[in-house]
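Below is one structure, written out as structure tokens; the observations come after it.
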Amino acid sequence: MKKQTGTAETKASRRQFLTGAAALGAGAVAGTSTARAGNPDNLPPNIPDWSRYLGDGVDARPYGMPSEHEAHVVRRSVPWLTADPVSSVNFTPLHELDGILTPNGLAFERHHGGIAEIDPADHRLIIHGLVDKPLMFTLDEIKRFPRTNRTYFLECAANSGMEWRGAQLNGCQFTHGMVHCVMYTGVMLKDVLAQCGLKANARWLLPEGADASAMTRSIPMEKALDDCMIAWAMNGEALRPAQGYPMRLVVPGWEGNMWIKWLRRIEVGDMAWHHREETSKYTDLLENGKARRFTWVMDAKSVITNPSPQAPLKAKGRNVLTGIAWSGRGTIDRVDVSIDGGANWQTARLDGPSFDKAIHRFYVDFDWDGREMLLQSRAIDSTGYVQPTKNQLRAVRGENSIYHNNGIQTWLVRSNGEAENVEVSA
Amino acid sequence: MSKFLLDVTVALAMVGAAWTTAHAEDLKLGRAATPEEIAAWDIDVRPDGQGLPEGQGDVIQGEEIFAEKCAYCHGDFAEGVDRWPVLSGGFDTLQSERPVKTIGSYWPYLSTVWDYVNRAMPFGDAQSLTPDEVYALTAFLLYTNDLVDDEFVLSRTNFATVRLPNEDGFIEDNRPDTPTLADGEPCMSDCKTGVVVTMRAQVLDVTPDDDDD
């Protein structure tokens, strides 16, 4: 790779770049919006019905739902991906969202034994093993520890896993939708462990779920005492059943599989358990036949959500390019965007709160003259980690790792505004 | 000290007692979990055998249970049906284009088999097997992977003596494994020439239809 040079602005390729000030035929091109025109009876100079007649009162919708015109904004699955929908995954519709938070009803789901439907009155958390006092807690008792509110992304380690061998799925919902970001309310795990008293040789935790897969993962004590939480709320309301109601573990920045849902038990031990989800699964097979294990942290990653295959450009002229970036190592310092497949880059504008290990939102305001574009985004986090290209990852890992594919995504945007998932030459 | 000041001091002391926020102290939350409660839920097993209950089972018993409760998804010889997991075979495939990661070819520890079968199988009827049945199924899965003969009996006693072939096939996380800012600023302009599309998702046509809304 070439180093950044101070003469970039003088180059023609740079002048052609996305920039708010660039005059890529802005205003000279007639609008080509493909948006639905709507019913003329409801448009000026007419008066629509909702401006004349009364609407529903406050008792009509005790728990509010989105407008019926947003019915297409839903999680979707890829049926051929898994053997059975009970042990499967669906995907967050990233191209329909903005800001940094994921609505609770749209946060992707991954279950290994279906959704456990639990009455909190019938739920208990037992903590035992290398502790002074093995204890059992109700949800109400957990809520009596000092509370904290923290916003974190949760990404499945297999997010983008289908793309290791090349461009497969047409849409950021499917290529990148195994991520969500919500604000959790809960207590610090270290406070609850302190109540039990850790023995001197306590090195590992084994949290376990109450679902039909009895999900377990080994978690090192340093992480448990650093920033892990036991949470019961997301975005201000109780966890959804699909997200572990009545309580789940929060393991910031680390692969989603470790965030045990329906948390029923934590055993404290002196060595790792090497259970199924950290041996057979969630290990990263390399080209030489060896596999990395305990690959916990989610490396920095980004994706342009608009435009993308499910969200084509609808008009020439002024447009907003947007996307999300996140890193399990900290905050996002910078996102660069390219329209020519990675030949030239421009730094995007980050907007909204910047929380540790949370989704960050970026924008590029630009004028589009209808030219074909190869869109890419590249995230750089607060530790100096630079999101690699997919080919850089393949060069060191091969194509059989399944997990931890954080390579740079390319969307081909055609002159008609439609977009496609593609890969480009190095 | 005046009566007034004394009263204030007492009142503050009481408030302090009612609203203490120190961390190290005993918050008196939760109740003691009894040994019986812990034992009933403490089902995990480690590679060193910690957590294994008393019991035993042999290959033939395991084959019968497998045929009844497991083969529907995993196949009669653990070869896998449809997209359900393949549990046997796959030797010498880890460096191939299409690795087959099974208990015999990939899993590092036998304890993982016992633990997972016991906690999550049969799919849809978890935690229904007896310890002897789990020992028998584990013995049968060793047999389907050509790791024991058909007279093998697995028990708590001999469990730790059984090693899986790929135990040494794992390394610790050594990321980052791509250039970071420590290696220099990433290229911003004229980073490459002649960019061409090399692969297209549309050619594969495996994306779910969007017309179901």
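Residue numbers start at 1 in each chain; chains themselves are named A, B, ... in the order of the structure tokens; ligands are numbered from 1 in the order shown.
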
### Task
Report as a PyMOL selection string the set of chain B residues whose atoms approach chain A to within 6 Å, with distances computed over only C-alpha atoms.
chain B and resi 30-33+46+83-84+94-95+107+112+120+169-173+180-181+187-192+195-201+207+213

Put those residues in a file: N, CA, C and O atoms, as a CSV table (one decimal), in the first residue's frame.
chain,number,residue,atom,x,y,z
B,30,GLY,N,-29.1,-12.3,47.8
B,30,GLY,CA,-29.0,-13.7,47.4
B,30,GLY,C,-29.1,-14.6,48.7
B,30,GLY,O,-28.9,-14.1,49.8
B,31,ARG,N,-29.4,-15.9,48.4
B,31,ARG,CA,-29.4,-16.8,49.6
B,31,ARG,C,-28.4,-17.9,49.2
B,31,ARG,O,-28.1,-18.2,48.1
B,32,ALA,N,-28.0,-18.7,50.3
B,32,ALA,CA,-27.1,-19.8,50.1
B,32,ALA,C,-27.7,-20.8,49.1
B,32,ALA,O,-28.9,-21.2,49.3
B,33,ALA,N,-27.0,-21.2,48.1
B,33,ALA,CA,-27.4,-22.3,47.3
B,33,ALA,C,-27.0,-23.6,47.9
B,33,ALA,O,-25.9,-23.8,48.4
B,46,ARG,N,-15.1,-31.2,32.2
B,46,ARG,CA,-13.9,-30.6,31.7
B,46,ARG,C,-13.0,-31.6,31.1
B,46,ARG,O,-13.2,-32.8,31.4
B,83,ARG,N,-28.3,-30.9,6.4
B,83,ARG,CA,-27.3,-30.0,6.9
B,83,ARG,C,-27.0,-30.2,8.4
B,83,ARG,O,-26.3,-29.4,9.0
B,84,TRP,N,-27.5,-31.3,8.9
B,84,TRP,CA,-27.2,-31.6,10.3
B,84,TRP,C,-25.7,-32.0,10.5
B,84,TRP,O,-25.2,-32.6,9.5
B,94,LEU,N,-8.5,-31.2,7.1
B,94,LEU,CA,-8.5,-29.8,7.6
B,94,LEU,C,-7.7,-28.8,6.7
B,94,LEU,O,-8.0,-27.6,6.8
B,95,GLN,N,-6.8,-29.3,5.9
B,95,GLN,CA,-6.1,-28.4,5.0
B,95,GLN,C,-6.7,-28.4,3.6
B,95,GLN,O,-6.2,-27.8,2.7
B,107,TRP,N,-12.4,-32.2,16.8
B,107,TRP,CA,-12.6,-31.8,18.3
B,107,TRP,C,-11.3,-32.2,19.1
B,107,TRP,O,-10.8,-33.3,18.9
B,112,THR,N,-15.7,-32.9,25.7
B,112,THR,CA,-16.6,-32.0,25.0
B,112,THR,C,-17.8,-32.8,24.5
B,112,THR,O,-18.9,-32.3,24.5
B,120,ALA,N,-27.3,-31.0,25.8
B,120,ALA,CA,-28.1,-30.5,24.7
B,120,ALA,C,-28.8,-31.5,23.8
B,120,ALA,O,-29.6,-31.1,22.9
B,169,GLY,N,-4.1,-29.6,17.7
B,169,GLY,CA,-4.4,-28.8,16.4
B,169,GLY,C,-4.8,-27.4,16.6
B,169,GLY,O,-5.2,-26.7,15.7
B,170,PHE,N,-4.7,-26.9,17.9
B,170,PHE,CA,-5.2,-25.6,18.2
B,170,PHE,C,-4.1,-24.7,18.7
B,170,PHE,O,-3.2,-25.1,19.4
B,171,ILE,N,-4.2,-23.4,18.3
B,171,ILE,CA,-3.2,-22.4,18.7
B,171,ILE,C,-4.0,-21.3,19.3
B,171,ILE,O,-5.2,-21.1,19.1
B,172,GLU,N,-3.3,-20.4,20.1
B,172,GLU,CA,-4.0,-19.3,20.8
B,172,GLU,C,-4.1,-18.2,19.8
B,172,GLU,O,-3.5,-18.1,18.8
B,173,ASP,N,-5.0,-17.3,20.1
B,173,ASP,CA,-5.3,-16.1,19.3
B,173,ASP,C,-4.1,-15.3,19.1
B,173,ASP,O,-3.5,-14.8,20.1
B,180,THR,N,-1.6,-2.6,11.1
B,180,THR,CA,-2.3,-1.6,11.9
B,180,THR,C,-1.6,-0.3,11.7
B,180,THR,O,-0.6,-0.2,10.9
B,181,LEU,N,-2.1,0.8,12.4
B,181,LEU,CA,-1.4,2.1,12.2
B,181,LEU,C,0.1,2.0,12.7
B,181,LEU,O,0.9,2.8,12.2
B,187,CYS,N,-3.0,3.8,3.0
B,187,CYS,CA,-3.0,4.6,1.7
B,187,CYS,C,-4.3,5.3,1.5
B,187,CYS,O,-5.4,4.8,1.8
B,188,MET,N,-4.2,6.6,1.1
B,188,MET,CA,-5.4,7.4,0.9
B,188,MET,C,-5.7,7.7,-0.6
B,188,MET,O,-6.8,8.1,-1.0
B,189,SER,N,-4.6,7.7,-1.5
B,189,SER,CA,-4.9,8.0,-2.9
B,189,SER,C,-4.0,7.2,-3.8
B,189,SER,O,-2.8,6.9,-3.4
B,190,ASP,N,-4.5,7.0,-5.0
B,190,ASP,CA,-3.8,6.2,-6.0
B,190,ASP,C,-3.2,4.9,-5.4
B,190,ASP,O,-2.1,4.5,-5.7
B,191,CYS,N,-4.0,4.2,-4.6
B,191,CYS,CA,-3.6,3.1,-3.9
B,191,CYS,C,-3.5,1.9,-4.9
B,191,CYS,O,-2.7,0.9,-4.6
B,192,LYS,N,-4.2,1.8,-5.9
B,192,LYS,CA,-4.1,0.8,-6.9
B,192,LYS,C,-4.7,1.3,-8.2
B,192,LYS,O,-5.5,2.3,-8.3
B,195,VAL,N,-8.8,-1.1,-11.3
B,195,VAL,CA,-9.7,-1.8,-10.4
B,195,VAL,C,-10.8,-2.5,-11.2
B,195,VAL,O,-11.5,-1.8,-12.0
B,196,VAL,N,-10.9,-3.8,-11.1
B,196,VAL,CA,-12.0,-4.5,-11.8
B,196,VAL,C,-12.8,-5.4,-10.8
B,196,VAL,O,-12.3,-5.8,-9.8
B,197,VAL,N,-14.0,-5.7,-11.2
B,197,VAL,CA,-14.8,-6.6,-10.4
B,197,VAL,C,-14.4,-8.0,-10.7
B,197,VAL,O,-14.3,-8.4,-11.8
B,198,THR,N,-14.1,-8.7,-9.6
B,198,THR,CA,-13.6,-10.1,-9.7
B,198,THR,C,-14.7,-11.2,-9.3
B,198,THR,O,-14.5,-12.3,-9.6
B,199,MET,N,-15.7,-10.8,-8.6
B,199,MET,CA,-16.7,-11.7,-8.1
B,199,MET,C,-18.0,-11.0,-7.9
B,199,MET,O,-18.0,-9.9,-7.4
B,200,ARG,N,-19.1,-11.7,-8.2
B,200,ARG,CA,-20.4,-11.0,-8.1
B,200,ARG,C,-21.4,-11.9,-7.4
B,200,ARG,O,-21.6,-13.0,-7.9
B,201,ALA,N,-22.1,-11.4,-6.4
B,201,ALA,CA,-23.1,-12.2,-5.7
B,201,ALA,C,-24.3,-12.5,-6.6
B,201,ALA,O,-24.8,-13.6,-6.4
B,207,THR,N,-29.4,-15.2,-2.6
B,207,THR,CA,-30.0,-14.3,-1.7
B,207,THR,C,-31.5,-14.6,-1.6
B,207,THR,O,-32.1,-14.7,-2.6
B,213,ASP,N,-42.8,-9.5,1.7
B,213,ASP,CA,-43.3,-8.5,2.7
B,213,ASP,C,-44.6,-7.9,2.2
B,213,ASP,O,-45.2,-8.4,1.3

### Task
Going by DSSP on the backbone, which bits of stretch 25-193 of chain B are strand (DSSP E or B)? Write them as a list in words, please.
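Output for stretch 25-193 of chain B, strand (DSSP E or B) only: Arg31, Ala32, Gln56, Gly57, Asp58, Val153, Leu154, Ser155, Phe170, Ile171 and Glu172 of chain B.
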
Based on the selection just made, write N, CA, C and O atoms of those residues as a PDB file, in the first residue's frame.
ATOM      1  N   ARG B  31     -29.388 -15.868  48.447  1.00  0.00           N
ATOM      2  CA  ARG B  31     -29.355 -16.785  49.591  1.00  0.00           C
ATOM      3  C   ARG B  31     -28.425 -17.944  49.248  1.00  0.00           C
ATOM      4  O   ARG B  31     -28.091 -18.186  48.090  1.00  0.00           O
ATOM      5  N   ALA B  32     -27.995 -18.652  50.291  1.00  0.00           N
ATOM      6  CA  ALA B  32     -27.068 -19.760  50.067  1.00  0.00           C
ATOM      7  C   ALA B  32     -27.702 -20.803  49.141  1.00  0.00           C
ATOM      8  O   ALA B  32     -28.860 -21.189  49.336  1.00  0.00           O
ATOM      9  N   GLN B  56     -21.044 -46.044  33.047  1.00  0.00           N
ATOM     10  CA  GLN B  56     -20.305 -46.625  31.927  1.00  0.00           C
ATOM     11  C   GLN B  56     -21.271 -47.041  30.824  1.00  0.00           C
ATOM     12  O   GLN B  56     -22.476 -47.178  31.043  1.00  0.00           O
ATOM     13  N   GLY B  57     -20.724 -47.222  29.636  1.00  0.00           N
ATOM     14  CA  GLY B  57     -21.531 -47.679  28.513  1.00  0.00           C
ATOM     15  C   GLY B  57     -20.623 -48.194  27.417  1.00  0.00           C
ATOM     16  O   GLY B  57     -19.463 -47.766  27.315  1.00  0.00           O
ATOM     17  N   ASP B  58     -21.133 -49.122  26.588  1.00  0.00           N
ATOM     18  CA  ASP B  58     -20.273 -49.687  25.543  1.00  0.00           C
ATOM     19  C   ASP B  58     -20.772 -49.326  24.147  1.00  0.00           C
ATOM     20  O   ASP B  58     -21.848 -48.728  23.978  1.00  0.00           O
ATOM     21  N   VAL B 153     -15.556 -50.300  26.146  1.00  0.00           N
ATOM     22  CA  VAL B 153     -16.451 -49.827  27.197  1.00  0.00           C
ATOM     23  C   VAL B 153     -15.866 -48.528  27.765  1.00  0.00           C
ATOM     24  O   VAL B 153     -14.718 -48.510  28.195  1.00  0.00           O
ATOM     25  N   LEU B 154     -16.672 -47.471  27.745  1.00  0.00           N
ATOM     26  CA  LEU B 154     -16.205 -46.189  28.285  1.00  0.00           C
ATOM     27  C   LEU B 154     -16.812 -45.979  29.675  1.00  0.00           C
ATOM     28  O   LEU B 154     -18.013 -46.224  29.882  1.00  0.00           O
ATOM     29  N   SER B 155     -15.994 -45.540  30.610  1.00  0.00           N
ATOM     30  CA  SER B 155     -16.485 -45.299  31.967  1.00  0.00           C
ATOM     31  C   SER B 155     -15.787 -44.067  32.530  1.00  0.00           C
ATOM     32  O   SER B 155     -14.840 -43.540  31.933  1.00  0.00           O
ATOM     33  N   PHE B 170      -4.734 -26.922  17.879  1.00  0.00           N
ATOM     34  CA  PHE B 170      -5.225 -25.576  18.175  1.00  0.00           C
ATOM     35  C   PHE B 170      -4.100 -24.669  18.663  1.00  0.00           C
ATOM     36  O   PHE B 170      -3.196 -25.104  19.374  1.00  0.00           O
ATOM     37  N   ILE B 171      -4.183 -23.409  18.263  1.00  0.00           N
ATOM     38  CA  ILE B 171      -3.221 -22.403  18.709  1.00  0.00           C
ATOM     39  C   ILE B 171      -3.991 -21.250  19.347  1.00  0.00           C
ATOM     40  O   ILE B 171      -5.195 -21.091  19.123  1.00  0.00           O
ATOM     41  N   GLU B 172      -3.312 -20.448  20.137  1.00  0.00           N
ATOM     42  CA  GLU B 172      -3.974 -19.323  20.787  1.00  0.00           C
ATOM     43  C   GLU B 172      -4.145 -18.174  19.800  1.00  0.00           C
ATOM     44  O   GLU B 172      -3.490 -18.101  18.766  1.00  0.00           O
TER      45      GLU B 172
END

### Task
Please return as a ChimeraX atom specification: the residues of stretch 37-256 of chain A that backbone DSSP assigns to helix (DSSP H, G or I).
/A:40-42,49-51,68-70,79-81,85-87,94-96,104-106,120-122,139-142,161-163,172-176,189-196,221-226,241-243,256

### Task
Record the distance separating atom CA of A:Lys314 and atom CA of A:Arg75, expressed in Å with one decimal.
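Separation of atom CA of A:Lys314 and atom CA of A:Arg75: 23.2 Å.
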